[in-house]
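K.L.:
Handing you a structure now.
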Amino acid sequence: MPTLNHFLLLSAVLFAIGTAGVFLRRNLITILLSIEIMLNAVNLSFVAFGRAFGSTDGQIIVFFVMTVAAAEAAVGLAIVIGLFRHRESLNPDRFTQLRW
Amino acid sequence: MTPLFIAQIGLTLFVFFMLLNSAAVMVYVERKVAALLQQRLGPYLVGYKGVLQPLADVVKLMFKEELRPKAADAFLFALAPIISATCAFAAFAVVPFGAATTLFGLLDQPMRLQVADVNVAILVVFAISSMSVYGIVLAGWSSNSKYSLLGGLRSSAQMISYELSYALALASVLLLGNSLSLVEVVDQQAGTWLGFVPRWFVFLQPVGFVIYMLAGIAETNRAPFDFPEAEQELVAGYHTEYSSMSFAMFFLAEYINMVTVSAVAADLYLGGWHGPFLPESWGWIWFLIKVGAILFFYVWMRWTLPRYRYDQLMAFGWKVLLPLAVVNLLVTAAGVLYFQ
Amino acid sequence: MIVFYAFAAVAIGASLLVIAQRNPIYSVLLLIASFGALSGLYVMLDAPFVAVIQIVVYAGAIMVLFLFVVMLLNAPQEDTDMDERRPLPVHKGAMKFGGLLAAALAGELVWALTRSSDPGAFSGGATDSVAAIGRSLFTDYAFAFEVTSVLILVAMLGAVVLAHRDRRSRASRAAVGPVGNVLPQKP
């Protein structure tokens with residue numbers, strides 16, 4: 001039977017993979033995808049803890065985290081579209097100047 | 001290896017084969033009914049009154065050459081029909097089609113006629129049908145052709161727009177049935193009022209039923225919402241570049257999605273397998289009759305109504321159907337509170 | 001237990017491939033596979049509602065949004081020369097230091113999670129009732145629920161405004177051309 005520690009370890013590994021993706025990839029969309037991986041890892045910990053303590057609070061927090069992730073993904077992608085229209089590139093290293 | 005386990009495996013295989021057969025039957029029914037509506041004969045050469053026509057179609061499709069455009073992304077091109085067909089079959093896995101039965105006394109405990117009994121069945125159907133968008137959008141993208149791309153994007157935008165109204169109609173009937181499990185919702189529709197009016201939810205929720213049917217028709221890309229497959233404008237939309245068995249998979253997926261939407265409508269609104277004159281364990285006959293009626297309605301709509309233009313279609317989905325679905329939900333909630 | 005390892009392997013493998021893939025469309029599809037595996041893990045944790053919501057919201061809506069944006073921006077061609085010239089945009093020394101830190105973190109995690117005598121087995125208490133979640137959501141967390149709905153409204157408005165193409169002048173419309181909306185403009 002998988003114990004709480006198994007799920008927490010898996011969540012930590014997924015979080016680390018997401019963080020590595022945010023730091024190492026030079027493509028805006030992949031960075032946003034890595035942020036989604038991190039949010040999912042956190043969701044997994046929440047649900048695991050909720051189950052361990054026998055309450056539904058974990059699942060409720062996950063509900064809110066998913067909603068916020070959806071809103072953030074929508075606005076983030078809108079920003080990416082705007083940036084792409086201006087510079088025709090998805091590389092964040094191109095957007096180093098504060099001038100538009 | 002209890003008898004129950006074997007019976008459940010048998011039921012799974014049986015449902016799978018029945019879905020395949022239903023697609024074949026739908027091919028024939030569609031062509032025959034279309035022909036009769038248009039006052040012509042339809043298929044009549046192959047077999048008695050053309051009954052073997054679907055078999056001829058399948059043989060023809062199997063022997064065609066399997067094409068792949070050179071500039072197409074091979075992996076996605078092959079994956080897209082698989083996703084469509086898989087989601088179509090998987091969505092039917094949680095739909096119950098009969099009361100618990102002991103298979104004429106062969107089993108020692110009754111087994112429900114449902115492949116997988118989950119207590120969030122309504123949500124599972126919705127979830128899997130929202131995954132079938134990927135088959136279409138990947139087909140459109142990977143074909144690397146302008147008709148396919150436009151058709152794929154339009155079709156997927158249409159599907160995700162009508163998913164909202166679909167979900168709200170489901171939520172309304174959920175309030176009435178007080179449960180997310182399809183079996184419990186059906187069981188609440190047993191019995192009659194005044195002795196002859198069955199206790200179906202369609203009488204409590206007529207607007208909800210209309211919303212569900214319209215959203216279901218739009219979800220399965222059938223007429224009059226089938227602009228993305230319109231032959232006049234888009235050649236064949238997202239499945240332009242597909243031939244032979246890949247095309248057959250899309251075809252199959254469309255018909256099985258129709259069957260699933262009809263089956264869920266029969267369960268949620270038309271009382272599932274409950275009906276007069278027949279004992280409980282033969283309720284699946286009533287279920288078949290109800291699903292058949294809804295499928296006939298589908299075919300009838302396709303060959304009677306003209307097609308919506310794409311912007312009219314999206315305007316209808318967002319500006320008419322969605323507010324109507326929200327109002328329906330509010331009225332249902334108020335009604336449930338008042339009459340509880 | 002095998003089921004847990006299977007789902008965990010799929011989730012970790014798919015996530016690793018997401019950050020390693022060059023083509024963003026494959027990244028999105030692999031992330032959908034990872035979400036599917038996580039959904040299976042939620043079912044194992046007696047949370048069927050969260051599992052289905054994960055498929056509906058994440059895999060069925062957010063990823064469709066990502067896929068649309070990737071397709072409309074024609075992103076595969078935009079995987080830039082920065083990526084091609086150097087596999088990792090950090091220096092060797094920094095990589096070694098980062099690797100050392102990551103190994104230290106991994107060691108600490110493994111130590112912390114395996115030394116406790118109580119493995120943290122799941123206690124009883126059913127948490128899989130959707131009715132209980134609903135009741136709690138609309139009574140204890142009602143304020144957060146309403147605020148979240150306002151948040152979604154704001155996000156919708158923001159996304160529409162941010163992605164809107166300026167159609168004020170004839171000059172900009174001429175520069176846009178017939179196809180228009182999000183394809184790159186030729187200078």
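Letters A, B, ... mark the chains of the structure tokens in the order given; residue numbers begin at 1 per chain; ligand numbers begin at 1, in order shown.
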If the cut-off is 7 Å, can you tell me the residues of chain A near chain C, counting only C-alpha atoms? I'd like them as a ChimeraX atom specification.

P.N.:
/A:1-5,10,14,17,21,24,26-27,30,48,51-56,59-60,70-71,74-75,78-79,81-82,85,88-91

K.L.:
For the selection just defined, write its residues with C-alpha atoms to a file, as a CSV table (one decimal), in the first residue's frame.

P.N.:
```csv
chain,number,residue,atom,x,y,z
A,1,MET,CA,0.0,0.0,0.0
A,2,PRO,CA,1.5,3.4,-0.9
A,3,THR,CA,2.0,5.5,2.2
A,4,LEU,CA,1.9,9.2,2.6
A,5,ASN,CA,5.6,9.4,2.1
A,10,LEU,CA,6.5,11.9,-5.9
A,14,LEU,CA,7.5,16.5,-9.9
A,17,ILE,CA,11.1,18.7,-12.6
A,21,GLY,CA,11.9,23.4,-16.7
A,24,LEU,CA,16.4,25.7,-18.1
A,26,ARG,CA,14.2,29.1,-23.2
A,27,ASN,CA,10.7,29.0,-24.7
A,30,THR,CA,7.4,25.5,-22.2
A,48,ALA,CA,-2.4,13.3,-0.1
A,51,ARG,CA,-6.5,11.9,2.7
A,52,ALA,CA,-4.0,11.3,5.5
A,53,PHE,CA,-6.0,13.5,7.9
A,54,GLY,CA,-9.3,12.2,6.8
A,55,SER,CA,-10.8,15.6,5.8
A,56,THR,CA,-12.0,17.0,2.6
A,59,GLN,CA,-9.7,18.5,-2.1
A,60,ILE,CA,-11.3,21.9,-1.7
A,70,ALA,CA,-6.7,28.1,-15.2
A,71,ALA,CA,-7.0,31.9,-14.8
A,74,ALA,CA,-5.2,32.1,-19.7
A,75,VAL,CA,-3.7,35.5,-18.9
A,78,ALA,CA,-2.6,36.2,-23.7
A,79,ILE,CA,0.6,38.0,-22.7
A,81,ILE,CA,0.5,36.2,-27.7
A,82,GLY,CA,1.1,39.9,-27.3
A,85,ARG,CA,3.2,39.7,-32.0
A,88,GLU,CA,8.1,37.3,-33.3
A,89,SER,CA,10.1,35.2,-30.8
A,90,LEU,CA,9.2,33.1,-27.8
A,91,ASN,CA,12.6,33.3,-26.3
```

K.L.:
Select all residues from chain C having any atom no more than 6 Å from an atom of chain B (counting only C-alpha atoms, ignoring ligands), output as number ranges by chain.

P.N.:
C: 55-56, 60

K.L.:
From a backbone DSSP assignment, name each residue in chain A labelled helix (DSSP H, G or I), as an MDAnalysis selection string.

P.N.:
chainID A and resid 4:24 28:52 57:87 92:94

K.L.:
May I have the residues within 8 Å of Ala93 of chain B as a list of chain:residue names, using only C-alpha atoms and disregarding those fewer than 2 positions away in the same chain?

P.N.:
B:Phe89, B:Ala90, B:Ala91, B:Val95, B:Gln114, B:Val115, B:Ala116

K.L.:
Which distance in Å separates atom CA of Ala14 of chain C and atom CA of Leu30 of chain C, to one decimal?

P.N.:
5.4 Å
